[in-house]
Amino acid sequence: MLLDPSTKYKPYPVIALADRIWPNKQLTHPPRWLSTDLRDGNQALAEPMSVERKIKFWELLLACGFKEIEVAFPAASDTDFQFVRRLIEENRIPDDVTIQVITQARTDLIERTFDALKGSKRATIHLYNATAPLFRRLVFQQTKEEIVALAVAGSELIRRCCEANPDTHWTYQYSPETFCFTEPDFALEICHAVAKVWQPTSERPMIINLPSTVEVNTPNVYADQIEYFCRHFCYRESVCISVHPHNDQGCGVASAELALLAGAERVEGCLFGNGERTGNLCLVTLALNLYSQGIPPQLDFSDMTNIVEQVEEYNQIPVHPRHPYAGKLAFTAFSGSHQDAIKKGFNAREHDPKTLWEIPYLLIDPNDIGCNYEAVIRVNSQSGKSGTAWMLEQNHGLKLPRALQQAFSRHVQMISDQSGREMTLAQVWQLFRQLYGPHEQARYQLLDYRTESLGANRIQFQAQVKTEEKVLTLKGEGNGILSAAAHAINLYLKESLIIEDYHEHTLGRKNESRSAAYILCKSTREESQWGVSVDSDIARASLQALLNALPLIKRNENNG
C-alpha cells in the first residue's frame, strides 16, 4: 500500500445540497422490490445457471413474494432466451408478477429481446447505457451528445416495438449506468430525453433506475444525488424512481436505505447480495431491517434456513456464517457477557411476556424467520456461566442455581481451553451428567424408600440403595425427609455430611409431571459437591440428587 494514496487516487466529488431533507425522514413503508438474482446475480457466477436451475430459483423468488423479477438478458445468450420462453410458454408467470429483461441500446439486441417476450402478459424492458465521464472518454470515446442520441434512439425503438405488441402490458425502465459518478445535470439531461420519448403516464408506466453501479462514495452522497435528481426531474410525478446499489465499499444496504429516504420508491438487488465484484444490495438484509422496525416488508423470509440452502445450491456460493439474519452464526453469542444479557432478556420475557421484542443483542426474534433458539448461545472458552445454563435450560428444561452455574462453567471452560474448540450441546450435556447427574446408571441408585413419623416433627427414614457391588440399606432420622436421608448417609459414611443448598422446579409447562432437584453437599473429607436428579416424584428426585452428590465422598464401601 502507498504511504500517500492521494498520489494515485482522488476523492469523487460530492453534491452541493445544503437544504437536503432526507436526513430528517424515517422509513415508514417498504419499497417496490425487484429481484435481479436471475440476471445480475447470474452474470456474476463463475458457472452461470442452467435453465433448470433458473426455473428452481424462479419458483423460490415467487414463494418469497416478489412481484417484479429481472429474469434475463435474453439477447446476450441462448440460455437466457430459452429461459424467458419457458416461463411464458409454460404459463409459469402469475398474473400479478411482472418479468423484467435488460438490453443495451442496439437495434439487433432490442429486437431479439422482444422476440423473447412474445406472449408475455406483463413485462418491463430495461434499457441502459453508460453515462459517466470515465466511460464516455475511455470505454466508448463518445461525446455527451452521442451518448444521449444513443439512449434516445434505443427508447424510440422500444416504444415502437411496445406499440406493435399491444397485448402485453409494458413498462419501460431506463438506467443511466454509473449514475453515481455521472455529472448530476447530465444524468438529468439524458433521463429527460428518454422520458420525453416515452411520455410516461399511468397507462404507459416508466421507471428511472439510478444505479450505484460502482460504489465510489459514502451513502450520504448517494442520497444527496437521489434527492437532487428527484427535485429537478421534470417527469417526477409520472415515473417511479428506482435504485440499484452495488457494494464495492460495503455500503450497499445503507445506500439503498438512504436513497429511499431521499425519494426513491423501488430497489433492485439479490438475495444475500450476490452480484459482480463484491456484490450488490442484499434484499434479505434490507427487508428484515425494515421488519425489525415494525414495517411489514411484504416479502416472506419465514423459512430462512431453507431459503439459504436453496440459494447456495443455485448460486453455488456459500452464504457467510455471519451474514445478517441469514448466516448460521447470525444470532449466536459466544461471549460470556453477551450470553448473560441474552439469558436475562429471555428470563424477563418468560416471566412478563410483552408484545414488543426486547432481547439484548437479538435484533429480531429468530423464530420469526424459522430459526430456533438452539444456536443463540454456543459455548467455548470465552463463555461464562450463562452460556451453559442457557443450553441446559433450553434443551433439557434445567434451571441451574447460580452457584451450580458457576461451578459447572469452570469445568466447561477448562475443557474448552484444553481443546481450543467449541463444546457442542451433546458434549455439554454429557459432561454435566458425568459430574452431577441426572443419569440412569448412577453410582448410588435409589431403589426404594419409606418414612415413618416419630412424632414431634421427627421422621425415620429407610432406603434401599444399589451400588455397583451390592444393595445397601440406609437408616436415619431427621426433621424432614432430606435431613433424615442425610443422617442415614452420615451413619453409613461415618462422617458429617451437610446439605448446604437445595433447589427444585417443575420441568416446564409442557411436562409439569416431572421435577428437577438440585442439592449442594459438603463433607469433612471432600469439597462441596452438587447432585442433580429428575423424577416424576419430587421426593424421589431430591433423594436421588442427594445420592448423585456422593460419588467422591465414599471410596471404600467395605467400611460399611
# chains A, B, ... in the order shown; residues from 1 in each chain; ligands from 1
>>> select_by_dssp(residues="stretch 257-359 of chain A", states="strand (DSSP E)", output="PyMOL selection string")
chain A and resi 266-269
>>> closest_atom_pairs(of="stretch 343-438 of chain A", to="stretch 277-297 of chain A", cutoff="10 Å", atoms="only C-alpha atoms", output="JSON lines")
{"residue": "A:Leu356", "atom": "CA", "partner": "A:Gly294", "partner_atom": "CA", "distance": 9.6}
{"residue": "A:Trp357", "atom": "CA", "partner": "A:Ser292", "partner_atom": "CA", "distance": 9.3}
{"residue": "A:Leu363", "atom": "CA", "partner": "A:Ser292", "partner_atom": "CA", "distance": 6.5}
{"residue": "A:Ile364", "atom": "CA", "partner": "A:Ser292", "partner_atom": "CA", "distance": 5.8}
{"residue": "A:Asp365", "atom": "CA", "partner": "A:Ser292", "partner_atom": "CA", "distance": 9.1}
{"residue": "A:Ile369", "atom": "CA", "partner": "A:Leu288", "partner_atom": "CA", "distance": 9.5}
>>> residues_around(residues="A:Leu258", least_positions_apart="3", cutoff="10 Å", atoms="only C-alpha atoms", output="ChimeraX atom specification")
/A:22-23,25-27,219-224,226-227,253-255,261-264
>>> closest_residue(among="A:Glu146, A:Asp300, A:Glu47, A:Glu374", to="A:Ala333", atoms="only C-alpha atoms")
A:Glu374
>>> residues_around(residues="A:Gly476", least_positions_apart="4", cutoff="10 Å", atoms="only C-alpha atoms", output="ChimeraX atom specification")
/A:451,459-463,481,483-492
>>> write_last_selection(atoms="N, CA and C atoms", output="short mmCIF file (atom, residue, chain, number, x, y, z; two decimals), in the first residue's frame")
data_model
loop_
_atom_site.label_atom_id
_atom_site.label_comp_id
_atom_site.auth_asym_id
_atom_site.auth_seq_id
_atom_site.Cartn_x
_atom_site.Cartn_y
_atom_site.Cartn_z
N THR A 451 -40.82 -43.76 54.89
CA THR A 451 -40.65 -42.92 56.07
C THR A 451 -41.71 -43.30 57.10
N ILE A 459 -38.99 -37.77 61.77
CA ILE A 459 -39.35 -38.94 60.99
C ILE A 459 -38.18 -39.90 60.94
N GLN A 460 -38.52 -41.15 60.71
CA GLN A 460 -37.50 -42.18 60.49
C GLN A 460 -37.47 -42.49 58.99
N PHE A 461 -36.29 -42.62 58.45
CA PHE A 461 -36.11 -42.83 57.02
C PHE A 461 -35.37 -44.13 56.80
N GLN A 462 -35.83 -44.90 55.80
CA GLN A 462 -35.13 -46.12 55.42
C GLN A 462 -35.15 -46.23 53.90
N ALA A 463 -34.01 -46.58 53.30
CA ALA A 463 -33.93 -46.65 51.84
C ALA A 463 -33.08 -47.83 51.40
N ILE A 481 -37.52 -35.28 55.27
CA ILE A 481 -37.02 -36.43 54.54
C ILE A 481 -35.55 -36.27 54.12
N SER A 483 -33.21 -34.28 55.63
CA SER A 483 -32.33 -34.33 56.80
C SER A 483 -32.21 -35.76 57.34
N ALA A 484 -33.31 -36.54 57.26
CA ALA A 484 -33.24 -37.93 57.70
C ALA A 484 -32.37 -38.74 56.76
N ALA A 485 -32.47 -38.47 55.43
CA ALA A 485 -31.64 -39.18 54.48
C ALA A 485 -30.17 -38.82 54.67
N ALA A 486 -29.88 -37.56 54.95
CA ALA A 486 -28.50 -37.15 55.19
C ALA A 486 -27.96 -37.83 56.44
N HIS A 487 -28.80 -37.96 57.48
CA HIS A 487 -28.38 -38.65 58.69
C HIS A 487 -28.06 -40.11 58.39
N ALA A 488 -28.89 -40.76 57.57
CA ALA A 488 -28.65 -42.15 57.21
C ALA A 488 -27.32 -42.30 56.46
N ILE A 489 -27.06 -41.37 55.55
CA ILE A 489 -25.81 -41.43 54.80
C ILE A 489 -24.62 -41.19 55.72
N ASN A 490 -24.78 -40.25 56.69
CA ASN A 490 -23.70 -39.99 57.64
C ASN A 490 -23.36 -41.22 58.45
N LEU A 491 -24.40 -41.97 58.87
CA LEU A 491 -24.15 -43.20 59.64
C LEU A 491 -23.38 -44.21 58.79
N TYR A 492 -23.72 -44.25 57.50
CA TYR A 492 -23.04 -45.18 56.60
C TYR A 492 -21.60 -44.75 56.34
#
>>> closest_atom_pairs(of="stretch 287-362 of chain A", to="stretch 407-428 of chain A", cutoff="12 Å", atoms="only C-alpha atoms", output="tab-separated table")
residue	atom	partner	partner_atom	distance
A:Ala333	CA	A:Glu422	CA	11.9
A:Phe334	CA	A:Glu422	CA	9.0
A:Ser335	CA	A:Glu422	CA	11.9
A:Gly336	CA	A:Ser409	CA	10.3
>>> closest_residue(among="A:Leu127, A:Ile21, A:Val471, A:Ala549", to="A:Cys230", atoms="only C-alpha atoms")
A:Ile21
>>> atom_distance(atom1="atom CA of A:Pro48", atom2="atom CA of A:Ser77")
10.9 Å
>>> closest_residue(among="A:Asn479, A:Ser50, A:Ile125, A:Asn347", to="A:Pro205", atoms="only C-alpha atoms")
A:Ile125
>>> closest_residue(among="A:Cys270, A:Ala442, A:Val214, A:Met304", to="A:Tyr12", atoms="only C-alpha atoms")
A:Val214
>>> residues_around(residues="A:Val216", least_positions_apart="5", cutoff="8 Å", atoms="only C-alpha atoms", output="PyMOL selection string")
chain A and resi 12+180-181+248-249
>>> select_by_dssp(residues="stretch 321-407 of chain A", states="alpha helix (DSSP H)", output="PyMOL selection string")
chain A and resi 336-351+385-396+402-407
>>> write_last_selection(atoms="N, CA, C and O atoms", output="CSV table (one decimal), in the first residue's frame")
chain,number,residue,atom,x,y,z
A,336,GLY,N,-19.2,-14.5,27.1
A,336,GLY,CA,-19.9,-14.6,28.4
A,336,GLY,C,-20.9,-13.5,28.7
A,336,GLY,O,-22.0,-13.7,29.1
A,337,SER,N,-20.4,-12.2,28.5
A,337,SER,CA,-21.2,-11.1,28.9
A,337,SER,C,-22.5,-11.0,27.9
A,337,SER,O,-23.6,-10.7,28.4
A,338,HIS,N,-22.3,-11.3,26.7
A,338,HIS,CA,-23.4,-11.3,25.7
A,338,HIS,C,-24.4,-12.4,26.1
A,338,HIS,O,-25.6,-12.2,26.1
A,339,GLN,N,-23.9,-13.6,26.4
A,339,GLN,CA,-24.8,-14.7,26.8
A,339,GLN,C,-25.6,-14.3,28.1
A,339,GLN,O,-26.8,-14.7,28.2
A,340,ASP,N,-24.9,-13.7,29.0
A,340,ASP,CA,-25.6,-13.4,30.3
A,340,ASP,C,-26.8,-12.4,30.0
A,340,ASP,O,-27.9,-12.5,30.5
A,341,ALA,N,-26.5,-11.4,29.1
A,341,ALA,CA,-27.5,-10.4,28.8
A,341,ALA,C,-28.7,-11.1,28.0
A,341,ALA,O,-29.9,-10.8,28.3
A,342,ILE,N,-28.4,-11.9,27.1
A,342,ILE,CA,-29.4,-12.6,26.3
A,342,ILE,C,-30.3,-13.5,27.3
A,342,ILE,O,-31.5,-13.5,27.2
A,343,LYS,N,-29.6,-14.2,28.1
A,343,LYS,CA,-30.4,-15.1,29.1
A,343,LYS,C,-31.3,-14.3,30.0
A,343,LYS,O,-32.5,-14.7,30.2
A,344,LYS,N,-30.8,-13.2,30.5
A,344,LYS,CA,-31.7,-12.4,31.3
A,344,LYS,C,-32.8,-11.8,30.5
A,344,LYS,O,-33.9,-11.6,31.1
A,345,GLY,N,-32.6,-11.5,29.3
A,345,GLY,CA,-33.7,-11.0,28.4
A,345,GLY,C,-34.8,-12.0,28.2
A,345,GLY,O,-36.0,-11.7,28.4
A,346,PHE,N,-34.4,-13.2,28.0
A,346,PHE,CA,-35.4,-14.3,27.8
A,346,PHE,C,-36.1,-14.6,29.1
A,346,PHE,O,-37.3,-14.9,29.1
A,347,ASN,N,-35.3,-14.6,30.2
A,347,ASN,CA,-36.0,-14.8,31.5
A,347,ASN,C,-37.0,-13.8,31.8
A,347,ASN,O,-38.1,-14.1,32.3
A,348,ALA,N,-36.7,-12.5,31.5
A,348,ALA,CA,-37.6,-11.4,31.8
A,348,ALA,C,-38.9,-11.6,30.9
A,348,ALA,O,-40.0,-11.3,31.3
A,349,ARG,N,-38.7,-12.0,29.7
A,349,ARG,CA,-39.8,-12.1,28.7
A,349,ARG,C,-40.7,-13.3,29.2
A,349,ARG,O,-41.9,-13.3,29.0
A,350,GLU,N,-40.1,-14.4,29.7
A,350,GLU,CA,-40.9,-15.5,30.2
A,350,GLU,C,-41.7,-15.2,31.3
A,350,GLU,O,-42.9,-15.6,31.4
A,351,HIS,N,-41.2,-14.4,32.3
A,351,HIS,CA,-42.0,-14.0,33.5
A,351,HIS,C,-43.0,-12.9,33.2
A,351,HIS,O,-44.0,-12.7,33.9
A,385,LYS,N,-21.0,-18.5,32.8
A,385,LYS,CA,-21.9,-19.4,33.4
A,385,LYS,C,-23.3,-19.4,32.7
A,385,LYS,O,-24.0,-20.4,32.6
A,386,SER,N,-23.6,-18.2,32.1
A,386,SER,CA,-25.0,-18.1,31.5
A,386,SER,C,-25.1,-19.0,30.2
A,386,SER,O,-26.1,-19.4,29.9
A,387,GLY,N,-23.9,-19.1,29.5
A,387,GLY,CA,-24.0,-19.9,28.3
A,387,GLY,C,-24.4,-21.4,28.5
A,387,GLY,O,-25.3,-21.9,27.8
A,388,THR,N,-23.7,-22.0,29.4
A,388,THR,CA,-24.0,-23.4,29.7
A,388,THR,C,-25.4,-23.5,30.3
A,388,THR,O,-26.2,-24.4,30.0
A,389,ALA,N,-25.7,-22.6,31.2
A,389,ALA,CA,-27.1,-22.6,31.8
A,389,ALA,C,-28.2,-22.5,30.8
A,389,ALA,O,-29.2,-23.1,30.9
A,390,TRP,N,-28.0,-21.6,29.8
A,390,TRP,CA,-29.0,-21.4,28.7
A,390,TRP,C,-29.2,-22.7,28.0
A,390,TRP,O,-30.3,-23.1,27.7
A,391,MET,N,-28.1,-23.3,27.6
A,391,MET,CA,-28.2,-24.5,26.8
A,391,MET,C,-28.9,-25.6,27.5
A,391,MET,O,-29.8,-26.3,26.9
A,392,LEU,N,-28.6,-25.8,28.8
A,392,LEU,CA,-29.3,-26.8,29.6
A,392,LEU,C,-30.8,-26.5,29.8
A,392,LEU,O,-31.6,-27.4,29.8
A,393,GLU,N,-31.1,-25.2,30.0
A,393,GLU,CA,-32.5,-24.8,30.2
A,393,GLU,C,-33.3,-24.9,28.9
A,393,GLU,O,-34.4,-25.5,28.9
A,394,GLN,N,-32.7,-24.5,27.8
A,394,GLN,CA,-33.5,-24.5,26.5
A,394,GLN,C,-33.7,-25.9,26.0
A,394,GLN,O,-34.7,-26.2,25.4
A,395,ASN,N,-32.7,-26.8,26.2
A,395,ASN,CA,-32.8,-28.1,25.6
A,395,ASN,C,-33.2,-29.2,26.6
A,395,ASN,O,-33.6,-30.3,26.1
A,396,HIS,N,-33.0,-29.0,27.9
A,396,HIS,CA,-33.3,-30.0,28.8
A,396,HIS,C,-34.2,-29.6,30.0
A,396,HIS,O,-34.6,-30.3,30.9
A,402,ARG,N,-27.6,-20.4,40.6
A,402,ARG,CA,-26.5,-19.6,40.2
A,402,ARG,C,-25.2,-20.3,40.6
A,402,ARG,O,-24.2,-20.3,39.9
A,403,ALA,N,-25.1,-20.8,41.8
A,403,ALA,CA,-23.8,-21.4,42.3
A,403,ALA,C,-23.4,-22.6,41.4
A,403,ALA,O,-22.3,-22.8,41.2
A,404,LEU,N,-24.4,-23.4,41.0
A,404,LEU,CA,-24.2,-24.5,40.2
A,404,LEU,C,-23.7,-24.0,38.8
A,404,LEU,O,-22.9,-24.6,38.1
A,405,GLN,N,-24.4,-23.0,38.3
A,405,GLN,CA,-23.9,-22.4,37.0
A,405,GLN,C,-22.4,-22.1,37.0
A,405,GLN,O,-21.7,-22.4,36.1
A,406,GLN,N,-22.0,-21.4,38.1
A,406,GLN,CA,-20.6,-21.0,38.3
A,406,GLN,C,-19.7,-22.2,38.3
A,406,GLN,O,-18.7,-22.3,37.7
A,407,ALA,N,-20.1,-23.2,39.1
A,407,ALA,CA,-19.3,-24.4,39.3
A,407,ALA,C,-19.1,-25.2,38.0
A,407,ALA,O,-18.0,-25.6,37.6
>>> atom_distance(atom1="atom CA of A:Ala375", atom2="atom CA of A:Leu507")
21.2 Å
